[in-house]
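*Asks:* Just dropping this structure here.
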Amino acid sequence: MEKRGMGRWLLRLGGWILLLIVVLAGVVAVRAFYPDQVAYIRVETEDITSSILTEKSFAEEIGLSKELIYAMVDANAMGYTIQSAGQEEALHRWTAKVGYTLRYGRLARMERGLRRWIGGDFLDVRLTASQSDSLRIRYCVVDRTDTLDRGGCTIVGDSLQETMIPIYWTVGLTLAETTDPLVGVYMCEEPRQWNETVGTNYSHLRTIRLRELAEERMEEIDRYLEEGSATRRAWGNLMLGTIYERLGCLWNGDTMAMRSAEECYRQAVKGAPSELRTPIEERIAWIGGYIEEYRKTNDTDVFIESFQDEQIRLPDSCRQLILVYNDRPDRVLCQFRRYEKDENGRWFEAAPVIHSNVGRAGIAPFGEKREGDLRTPSGAYPMGFAFGYEADIELRWPYVVVTPEHYWISDSEDPLYNQMTTEKPKTDNFEYLRRDDDAYKYAAVVEYNMRPVEKYKGSAIFFHVESGYDKGSAGCITVPEEDVVEVLQWLDPEKSPYMLIRTQ
């Protein structure tokens with residue numbers, strides 16, 4: 001009897017071990033077979049008989065949307081290096097493989113349960129449809145904890161298949177942006193925002209924004225690439241290289257962006273299909289030639305000179321320059337570039353270009369700035385002292401920690417007009433330099449209308465932290481907080497830094 005009991009116990013133990021092995025094998029299989037983000041499709045219908053509204057049809061259509069989205073992203077990425085239709089087709093096939101995986105059906109639900117149990121990442125795509133006089137379709141894309149996106153549409157009459165395309169596209173885009181941060185970067189622009197920005201500056205500003213968003217999300221992007229296959233890493237580096245190269249190609253002299261593009265392309269070659277290695281390697285060689293040619297034909301001096309005339313001139317002592325410019329006087333968004341002079345007295349780009357914002361009414365022509373007109377003055381002005389709320393940054397530049405007792409006078413009739421004071425103002429027209437928000441957390445004075453001070457010509461023109469992308473100020477020049485800090489740390493008292501502001 002004792003031996004029989006021991007035998008049953010061993011049999012049970014063997015069963016549990018076998019079950020554990022099966023579960024572990026399932027875990028390994030799920031993780032190995034679907035290493036990327038997985039989206040599970042579920043379609044729930046009420047009295048709907050259309051063959052279009054099935055899990056299979058939705059998965060197929062959303063899969064098509066996925067390929068179209070990635071094709072949109074890569075359409076221009078290698079467009080100027082692809083030599084044949086075959087290479088272009090290879091590029092699209094390649095990029096379409098690195099996104100999310102779509103699954104549907106009963107087996108997919110079992111797999112989803114296992115993935116939830118083992119802690120794997122996945123998304124749910126739930127679509128519900130109901131029909132009375134019209135057909136109503138709603139979708140919801142969720143991750144393990146939060147709703148990522150939701151929406152729907154109403155379809156009337158016989159236009160079922162044609163009208164459902166936006167649902168497929170929207171769901172596909174939601175999944176792409178969720179699973180691939182690089183797609184999220186490329187799809188960053190809002191139609192309203194960029195329609196207002198149409199003009200000669202459009203491609204410049206959009207490229208600047210792409211680079212800024214990519215660098216803001218670089219930690220997330222790096223993690224996404226490292227967790228993926230060699231194909232995903234190669235595709236991601238190709239996209240990053242494209243962003244940097246576009247930025248570098250916009251202006252002669254941005255060799256820093258070109259060097260970043262070159263390194264990204266070298267990483268992309270490692271996992272790219274054989275058909276695409278040659279075009280990417282040609283791109284690397286072209287960048288090397290571009291940088292070498294730039295060293296011989298530096299025309300940055302000519303570019304900076306184009307912003308100067310008889311009224312707006314930089315002194316010979318200026319060896320650091322901040323250039324802020326747009327293409328239309330009423331535009332808020334501007335390009336913000338930094339230059340230094342080398343030992344031969346020639347200008348070179350000192351940092352990557354970023355976006356900046358000026359006054360809500362744009363940039364005033366030289367000499368036309370007036371107090372309270374919400375415009376930023378044109379001209380070349382010395383950079384004045386920096387100020388902020390805390391002494392928590394190390395600068396070579398003069399820096400004042402401001403308190404609620406630091407004021408800037410904007411009353412043209414006041415003897416202290418356009419000056420800082422710690423005396424309680426005798427006028428109501430002044431600014432607190434220690435504000436309730438972070439606008440002046442880090443800032444610097446732009447010495448406009450200070451040498452000498454003229455009544456009603458404008459006051460308190462500062463360089464400070466922006467309130468948001470494409471959000472104008474009362475006349476100041478604003479950039480993101482981290483860029484304000486970087487610029488303040490760059491300023492060198494021995495190089496007489498100036499800010500040159502103009503509409504090109």
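Identifiers for the structure tokens are assigned positionally: chains receive A, B, ... in sequence, residues are indexed from 1 per chain, and ligands are indexed from 1 in the order shown.
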What's around Gln308 of chain A at 10 Å? Count only C-alpha atoms, leave out sequence neighbours fewer than 4 positions away in its own chain, and write the answer as a ChimeraX atom specification.
*Replies:* /A:303-304,312-314,379-380,500,502
*Asks:* Would you please extract all strand (DSSP E) residues from segment 275-394 of chain A, as assigned by DSSP on the backbone, and give them as a PyMOL selection string?
*Replies:* chain A and resi 320-326+333-341+347-349+354-357+363-364+376-377+379-388
*Asks:* Pick from A:Phe336, A:Trp408, A:Tyr381, A:Phe366: nearest to Asp483 of chain A, with only C-alpha atoms counted?
*Replies:*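 Of A:Phe336, A:Trp408, A:Tyr381, A:Phe366, the one nearest Asp483 of chain A is A:Phe336, counting only C-alpha atoms.
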*Asks:* Where in segment 211-286 of chain A does DSSP assign helix (DSSP H, G or I), given as JSON, numbers by chain?
*Replies:* {"A": [211, 212, 213, 214, 215, 216, 218, 219, 220, 221, 222, 223, 224, 225, 226, 230, 231, 232, 233, 234, 235, 236, 237, 238, 239, 240, 241, 242, 243, 244, 245, 246, 247, 248, 249, 250, 255, 256, 257, 258, 259, 260, 261, 262, 263, 264, 265, 266, 267, 268, 269, 274, 275, 276, 277, 278, 279, 280, 281, 282, 283, 284, 285, 286]}
*Asks:* List the spatial neighbours of Thr207 of chain A as a list in words - criterion: any atom at most 9 Å away, only C-alpha atoms, same-chain residues fewer than 2 positions off excluded.
*Replies:* Tyr202, Ser203, His204, Leu205, Arg209, Leu210, Arg211, Glu212, Ile243, Tyr244, Arg246, Leu247 and Leu250 of chain A
*Asks:* Got a sec: who's within 8 Å of Val98 of chain A, counting only C-alpha atoms, leaving out chain neighbours fewer than 3 positions off, as a PDB file with N, CA and C atoms, in the first residue's frame?
*Replies:*
```
ATOM      1  N   ASP A  36       7.379  40.684 -31.769  1.00  0.00           N
ATOM      2  CA  ASP A  36       6.996  42.089 -31.811  1.00  0.00           C
ATOM      3  C   ASP A  36       5.636  42.290 -31.145  1.00  0.00           C
ATOM      4  N   TRP A  94      10.249  45.262 -46.899  1.00  0.00           N
ATOM      5  CA  TRP A  94      11.090  45.222 -45.708  1.00  0.00           C
ATOM      6  C   TRP A  94      10.438  45.983 -44.560  1.00  0.00           C
ATOM      7  N   THR A  95      10.014  47.199 -44.812  1.00  0.00           N
ATOM      8  CA  THR A  95       9.465  48.015 -43.728  1.00  0.00           C
ATOM      9  C   THR A  95       8.129  47.482 -43.248  1.00  0.00           C
ATOM     10  N   THR A 231      16.218  43.307 -38.434  1.00  0.00           N
ATOM     11  CA  THR A 231      15.457  44.036 -39.443  1.00  0.00           C
ATOM     12  C   THR A 231      14.863  45.311 -38.860  1.00  0.00           C
ATOM     13  N   ARG A 232      14.284  45.181 -37.681  1.00  0.00           N
ATOM     14  CA  ARG A 232      13.691  46.361 -37.051  1.00  0.00           C
ATOM     15  C   ARG A 232      14.767  47.406 -36.754  1.00  0.00           C
ATOM     16  N   TRP A 235      15.764  49.089 -40.010  1.00  0.00           N
ATOM     17  CA  TRP A 235      14.729  50.015 -40.491  1.00  0.00           C
ATOM     18  C   TRP A 235      14.698  51.277 -39.638  1.00  0.00           C
TER      19      TRP A 235
END
```
*Asks:* So the first atom is atom CA of Val125 of chain A and the second is atom CA of Val43 of chain A; what is the distance between them in Å, to one decimal place?
*Replies:* 8.4 Å
*Asks:* Give the answer as one residue: which of A:Gly99, A:Pro452, A:Pro329, A:Gly372 has the shortest atom-to-atom distance to Tyr224 of chain A, using only C-alpha atoms?
*Replies:* A:Gly99
*Asks:* Report, in Å with one decimal, the straight-line distance from atom CA of Val465 of chain A to atom CA of Pro365 of chain A.
*Replies:*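 Spanning atom CA of Val465 of chain A to atom CA of Pro365 of chain A is a straight-line distance of 24.1 Å.
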